[in-house]
Structure formats: C-alpha cells, structure tokens
>>> print(open('work.txt').read())   # compact mmCIF, C-alpha atoms
# COMPACT_ATOMS: atom_id res chain seq x y z
CA MET A 1 -16.21 -48.09 99.45
CA ILE A 2 -18.44 -48.98 96.51
CA ARG A 3 -18.09 -46.67 93.51
CA LYS A 4 -19.80 -46.47 90.16
CA HIS A 5 -17.44 -46.95 87.18
CA SER A 6 -18.20 -46.18 83.55
CA VAL A 7 -16.66 -48.01 80.61
CA THR A 8 -17.35 -48.37 76.91
CA ILE A 9 -18.36 -51.86 75.80
CA ARG A 10 -18.77 -52.51 72.10
CA GLY A 11 -19.27 -48.82 71.42
CA HIS A 12 -21.74 -47.97 74.18
CA ARG A 13 -21.18 -46.57 77.64
CA THR A 14 -22.27 -48.60 80.62
CA SER A 15 -21.67 -48.32 84.31
CA PHE A 16 -21.42 -50.76 87.17
CA SER A 17 -20.64 -50.53 90.86
CA LEU A 18 -17.65 -52.17 92.52
CA GLU A 19 -15.76 -51.91 95.75
CA ASP A 20 -12.42 -50.12 95.35
CA GLU A 21 -10.51 -53.35 96.01
CA PHE A 22 -12.22 -55.16 93.15
CA TRP A 23 -11.66 -52.20 90.83
CA ASP A 24 -7.96 -52.19 91.76
CA ALA A 25 -7.79 -55.94 91.12
CA LEU A 26 -9.38 -55.53 87.68
CA GLN A 27 -6.77 -52.91 86.83
CA ALA A 28 -4.02 -55.29 87.99
CA ILE A 29 -5.44 -58.14 85.90
CA ALA A 30 -5.60 -55.93 82.82
CA ALA A 31 -2.02 -54.78 83.40
CA ASP A 32 -0.85 -58.35 83.97
CA ARG A 33 -2.46 -59.42 80.69
CA ASN A 34 -1.23 -56.27 78.93
CA ILE A 35 -4.72 -55.29 77.76
CA ALA A 36 -6.85 -52.21 78.28
CA LEU A 37 -9.21 -52.24 81.23
CA ALA A 38 -12.13 -51.65 78.85
CA ALA A 39 -11.09 -54.76 76.89
CA LEU A 40 -11.07 -56.82 80.09
CA VAL A 41 -14.50 -55.54 81.11
CA THR A 42 -15.81 -56.29 77.62
CA GLU A 43 -14.47 -59.84 77.91
CA ILE A 44 -16.10 -60.26 81.31
CA ASP A 45 -19.39 -58.94 79.95
CA GLU A 46 -19.30 -61.28 76.95
CA ASN A 47 -18.62 -64.33 79.14
CA ARG A 48 -21.06 -63.69 81.97
CA GLY A 49 -24.18 -65.74 82.33
CA PRO A 50 -27.62 -64.21 82.01
CA GLU A 51 -28.13 -64.65 85.75
CA ASN A 52 -25.18 -62.37 86.62
CA ASN A 53 -25.06 -58.62 86.33
CA LEU A 54 -21.79 -57.00 85.29
CA SER A 55 -20.80 -56.08 88.85
CA SER A 56 -21.20 -59.67 90.04
CA ALA A 57 -19.43 -61.04 86.98
CA ALA A 58 -16.49 -58.70 87.61
CA ARG A 59 -16.22 -59.84 91.23
CA LEU A 60 -16.33 -63.50 90.16
CA HIS A 61 -13.66 -62.83 87.53
CA VAL A 62 -11.37 -61.36 90.20
CA LEU A 63 -12.04 -64.33 92.49
CA ASN A 64 -11.24 -66.82 89.73
CA TRP A 65 -8.07 -64.90 88.85
CA VAL A 66 -6.90 -65.01 92.48
CA LYS A 67 -7.62 -68.75 92.63
CA SER A 68 -5.65 -69.38 89.43
CA VAL A 69 -2.68 -67.36 90.70
CA ARG A 70 -2.67 -69.33 93.94
CA ALA A 71 -2.91 -72.63 92.07
CA ARG A 72 0.11 -71.68 89.94
CA GLN A 73 2.06 -70.80 93.09
CA THR A 74 1.44 -74.18 94.67
CA ASP A 75 2.40 -76.18 91.57
>>> encode(input="work.txt", output="structure tokens")
Amino acid sequence: MIRKHSVTIRGHRTSFSLEDEFWDALQAIAADRNIALAALVTEIDENRGPENNLSSAARLHVLNWVKSVRARQTD
C-alpha cells in the first residue's frame, strides 16, 4: 500500500508517498547507518537530480542500497 509520509528537511515539513516496503527499507538503512530517518531523507533530497521527485529518489536510494549489499555479499 502507498502511504504519505511527512518529514522535516532543513527545518521545513514535506511529505512524499511511498509503498510500505520502501518505507520499511528506508528505516532499515537509517538504522544500519545509525542515523535518524529524517537525516537519511535529507541526504536523499540533497543528492537527487532535478528530474526526480523525492518519492522516486527514495526508491532509487533503496534500490542502490540493495545492490551494494548484494555486491558486498558476493565479494
């Protein structure tokens, strides 16, 4: 199910929509990196290209994280 999530980025509230699985993965990434979820979302927002909205950038971040974990497992 797609849900709307609100976070604070650089002092202002914003919201974006993600499937529950992607939201859970973002929480796992933040926990793995020992950072707050809001800090991770801020990082994603700062590094996304102008052609991507925050929801798409978050999904791509999760995909890239999964790929990097798999690459480390095969090394």
>>> atom_distance(input="work.txt", atom1="CA of Ser56 (chain A)", atom2="CA of Arg3 (chain A)")
13.8 Å
>>> closest_residue(input="work.txt", among="A:Asp20, A:Ser68, A:Asn34, A:Thr14", to="Ile2 (chain A)", atoms="all atoms listed in the file")
A:Asp20
>>> closest_residue(input="work.txt", among="A:Ala71, A:Trp65, A:Asn53, A:Arg59", to="Glu19 (chain A)", atoms="all atoms listed in the file")
A:Arg59
>>> atom_distance(input="work.txt", atom1="CA of Ala38 (chain A)", atom2="CA of Ser6 (chain A)")
9.4 Å
>>> residues_around(input="work.txt", residues="Val41 (chain A)", least_positions_apart="2", cutoff="8 Å", atoms="only C-alpha atoms", output="list of chain:residue names")
A:Val7, A:Ile9, A:Leu37, A:Ala38, A:Ala39, A:Glu43, A:Ile44, A:Asp45, A:Ala58
>>> closest_residue(input="work.txt", among="A:Thr8, A:Thr74, A:Ser15, A:Asn52", to="Leu40 (chain A)", atoms="only C-alpha atoms")
A:Thr8
>>> residues_around(input="work.txt", residues="Ser55 (chain A)", least_positions_apart="4", cutoff="8 Å", atoms="all atoms listed in the file", output="list of chain:residue names")
A:Phe16, A:Ser17, A:Leu18, A:Arg59
>>> atom_distance(input="work.txt", atom1="CA of Ile35 (chain A)", atom2="CA of His5 (chain A)")
17.9 Å
>>> axis_aligned_box(input="work.txt", around="region 41-58 of chain A", padding_each_side="8 Å", output="JSON")
{"center_x": -21.3, "center_y": -60.6, "center_z": 83.5, "size_x": 29.7, "size_y": 26.2, "size_z": 29.1}
>>> closest_residue(input="work.txt", among="A:Phe22, A:Met1, A:His12, A:Asn47", to="Val62 (chain A)", atoms="all atoms listed in the file")
A:Phe22
>>> closest_residue(input="work.txt", among="A:Arg72, A:Leu54, A:Val66, A:Ala28", to="Thr42 (chain A)", atoms="all atoms listed in the file")
A:Leu54
>>> closest_residue(input="work.txt", among="A:Arg10, A:Lys4, A:Arg70, A:Arg48", to="Trp23 (chain A)", atoms="all atoms listed in the file")
A:Lys4
>>> decode(input="work.txt", residues="region 20-70 of chain A", atoms="N, CA and C atoms", output="tab-separated table (two decimals), in the first residue's frame")
chain	number	residue	atom	x	y	z
A	20	ASP	N	4.76	0.75	1.48
A	20	ASP	CA	5.21	0.36	2.81
A	20	ASP	C	6.57	-0.33	2.79
A	21	GLU	N	6.83	-1.14	1.78
A	21	GLU	CA	8.09	-1.87	1.69
A	21	GLU	C	9.29	-0.92	1.54
A	22	PHE	N	9.11	0.12	0.75
A	22	PHE	CA	10.20	1.10	0.59
A	22	PHE	C	10.39	1.90	1.87
A	23	TRP	N	9.31	2.24	2.55
A	23	TRP	CA	9.41	2.95	3.82
A	23	TRP	C	10.16	2.10	4.84
A	24	ASP	N	9.80	0.82	4.91
A	24	ASP	CA	10.49	-0.10	5.83
A	24	ASP	C	11.97	-0.20	5.50
A	25	ALA	N	12.28	-0.23	4.21
A	25	ALA	CA	13.69	-0.32	3.79
A	25	ALA	C	14.44	0.95	4.16
A	26	LEU	N	13.82	2.11	4.01
A	26	LEU	CA	14.48	3.35	4.43
A	26	LEU	C	14.77	3.34	5.93
A	27	GLN	N	13.83	2.85	6.71
A	27	GLN	CA	14.06	2.75	8.15
A	27	GLN	C	15.21	1.80	8.45
A	28	ALA	N	15.31	0.70	7.72
A	28	ALA	CA	16.40	-0.25	7.92
A	28	ALA	C	17.74	0.36	7.53
A	29	ILE	N	17.77	1.11	6.45
A	29	ILE	CA	19.01	1.77	6.02
A	29	ILE	C	19.46	2.77	7.07
A	30	ALA	N	18.53	3.57	7.56
A	30	ALA	CA	18.87	4.55	8.60
A	30	ALA	C	19.40	3.84	9.85
A	31	ALA	N	18.76	2.76	10.25
A	31	ALA	CA	19.22	2.01	11.42
A	31	ALA	C	20.59	1.41	11.17
A	32	ASP	N	20.80	0.86	9.98
A	32	ASP	CA	22.09	0.27	9.63
A	32	ASP	C	23.21	1.30	9.68
A	33	ARG	N	22.89	2.52	9.27
A	33	ARG	CA	23.89	3.60	9.25
A	33	ARG	C	23.93	4.36	10.57
A	34	ASN	N	23.03	4.00	11.48
A	34	ASN	CA	22.95	4.64	12.80
A	34	ASN	C	22.70	6.15	12.68
A	35	ILE	N	21.75	6.50	11.80
A	35	ILE	CA	21.36	7.90	11.65
A	35	ILE	C	19.83	7.98	11.75
A	36	ALA	N	19.33	9.16	12.01
A	36	ALA	CA	17.89	9.36	12.05
A	36	ALA	C	17.30	9.24	10.65
A	37	LEU	N	16.07	8.76	10.59
A	37	LEU	CA	15.40	8.63	9.31
A	37	LEU	C	15.30	9.99	8.61
A	38	ALA	N	15.03	11.04	9.37
A	38	ALA	CA	14.95	12.38	8.77
A	38	ALA	C	16.29	12.78	8.16
A	39	ALA	N	17.40	12.39	8.79
A	39	ALA	CA	18.72	12.70	8.24
A	39	ALA	C	18.94	11.96	6.92
A	40	LEU	N	18.50	10.72	6.86
A	40	LEU	CA	18.63	9.95	5.61
A	40	LEU	C	17.79	10.59	4.51
A	41	VAL	N	16.56	10.96	4.81
A	41	VAL	CA	15.70	11.57	3.81
A	41	VAL	C	16.28	12.91	3.36
A	42	THR	N	16.85	13.66	4.27
A	42	THR	CA	17.50	14.92	3.91
A	42	THR	C	18.65	14.66	2.95
A	43	GLU	N	19.45	13.65	3.24
A	43	GLU	CA	20.57	13.28	2.37
A	43	GLU	C	20.07	12.89	0.98
A	44	ILE	N	19.03	12.09	0.93
A	44	ILE	CA	18.45	11.69	-0.35
A	44	ILE	C	17.97	12.92	-1.12
A	45	ASP	N	17.29	13.81	-0.43
A	45	ASP	CA	16.77	15.02	-1.06
A	45	ASP	C	17.90	15.89	-1.61
A	46	GLU	N	18.97	16.02	-0.85
A	46	GLU	CA	20.10	16.85	-1.29
A	46	GLU	C	20.83	16.26	-2.49
A	47	ASN	N	20.79	14.95	-2.64
A	47	ASN	CA	21.54	14.29	-3.71
A	47	ASN	C	20.71	13.91	-4.92
A	48	ARG	N	19.42	14.20	-4.88
A	48	ARG	CA	18.58	13.81	-6.03
A	48	ARG	C	18.73	14.82	-7.16
A	49	GLY	N	18.55	14.32	-8.35
A	49	GLY	CA	18.62	15.20	-9.51
A	49	GLY	C	17.34	15.98	-9.67
A	50	PRO	N	17.39	17.05	-10.43
A	50	PRO	CA	16.19	17.88	-10.62
A	50	PRO	C	15.06	17.14	-11.34
A	51	GLU	N	15.40	16.06	-12.03
A	51	GLU	CA	14.38	15.31	-12.76
A	51	GLU	C	13.63	14.32	-11.87
A	52	ASN	N	14.11	14.10	-10.66
A	52	ASN	CA	13.48	13.14	-9.75
A	52	ASN	C	12.74	13.85	-8.62
A	53	ASN	N	11.54	13.37	-8.33
A	53	ASN	CA	10.87	13.87	-7.13
A	53	ASN	C	11.38	13.06	-5.93
A	54	LEU	N	11.04	13.46	-4.74
A	54	LEU	CA	11.57	12.82	-3.55
A	54	LEU	C	11.15	11.36	-3.44
A	55	SER	N	9.93	11.05	-3.82
A	55	SER	CA	9.47	9.65	-3.77
A	55	SER	C	10.32	8.77	-4.68
A	56	SER	N	10.55	9.22	-5.89
A	56	SER	CA	11.37	8.45	-6.83
A	56	SER	C	12.81	8.34	-6.34
A	57	ALA	N	13.35	9.43	-5.83
A	57	ALA	CA	14.72	9.41	-5.32
A	57	ALA	C	14.85	8.44	-4.15
A	58	ALA	N	13.85	8.37	-3.30
A	58	ALA	CA	13.89	7.43	-2.17
A	58	ALA	C	13.87	5.99	-2.68
A	59	ARG	N	13.04	5.71	-3.66
A	59	ARG	CA	13.00	4.35	-4.21
A	59	ARG	C	14.35	3.98	-4.85
A	60	LEU	N	14.93	4.91	-5.59
A	60	LEU	CA	16.23	4.65	-6.21
A	60	LEU	C	17.32	4.45	-5.15
A	61	HIS	N	17.24	5.19	-4.06
A	61	HIS	CA	18.21	5.03	-2.98
A	61	HIS	C	18.12	3.62	-2.39
A	62	VAL	N	16.90	3.16	-2.17
A	62	VAL	CA	16.71	1.79	-1.65
A	62	VAL	C	17.26	0.78	-2.64
A	63	LEU	N	16.96	0.94	-3.91
A	63	LEU	CA	17.46	0.02	-4.93
A	63	LEU	C	18.99	-0.01	-4.94
A	64	ASN	N	19.62	1.15	-4.90
A	64	ASN	CA	21.08	1.21	-4.89
A	64	ASN	C	21.67	0.59	-3.63
A	65	TRP	N	20.99	0.76	-2.50
A	65	TRP	CA	21.44	0.15	-1.25
A	65	TRP	C	21.38	-1.38	-1.34
A	66	VAL	N	20.28	-1.90	-1.89
A	66	VAL	CA	20.15	-3.35	-2.05
A	66	VAL	C	21.24	-3.88	-2.97
A	67	LYS	N	21.50	-3.18	-4.06
A	67	LYS	CA	22.56	-3.60	-4.99
A	67	LYS	C	23.92	-3.60	-4.29
A	68	SER	N	24.20	-2.60	-3.48
A	68	SER	CA	25.50	-2.54	-2.82
A	68	SER	C	25.64	-3.64	-1.77
A	69	VAL	N	24.56	-3.97	-1.09
A	69	VAL	CA	24.60	-5.07	-0.11
A	69	VAL	C	24.87	-6.39	-0.84
A	70	ARG	N	24.19	-6.61	-1.93
A	70	ARG	CA	24.41	-7.83	-2.71
A	70	ARG	C	25.83	-7.91	-3.24
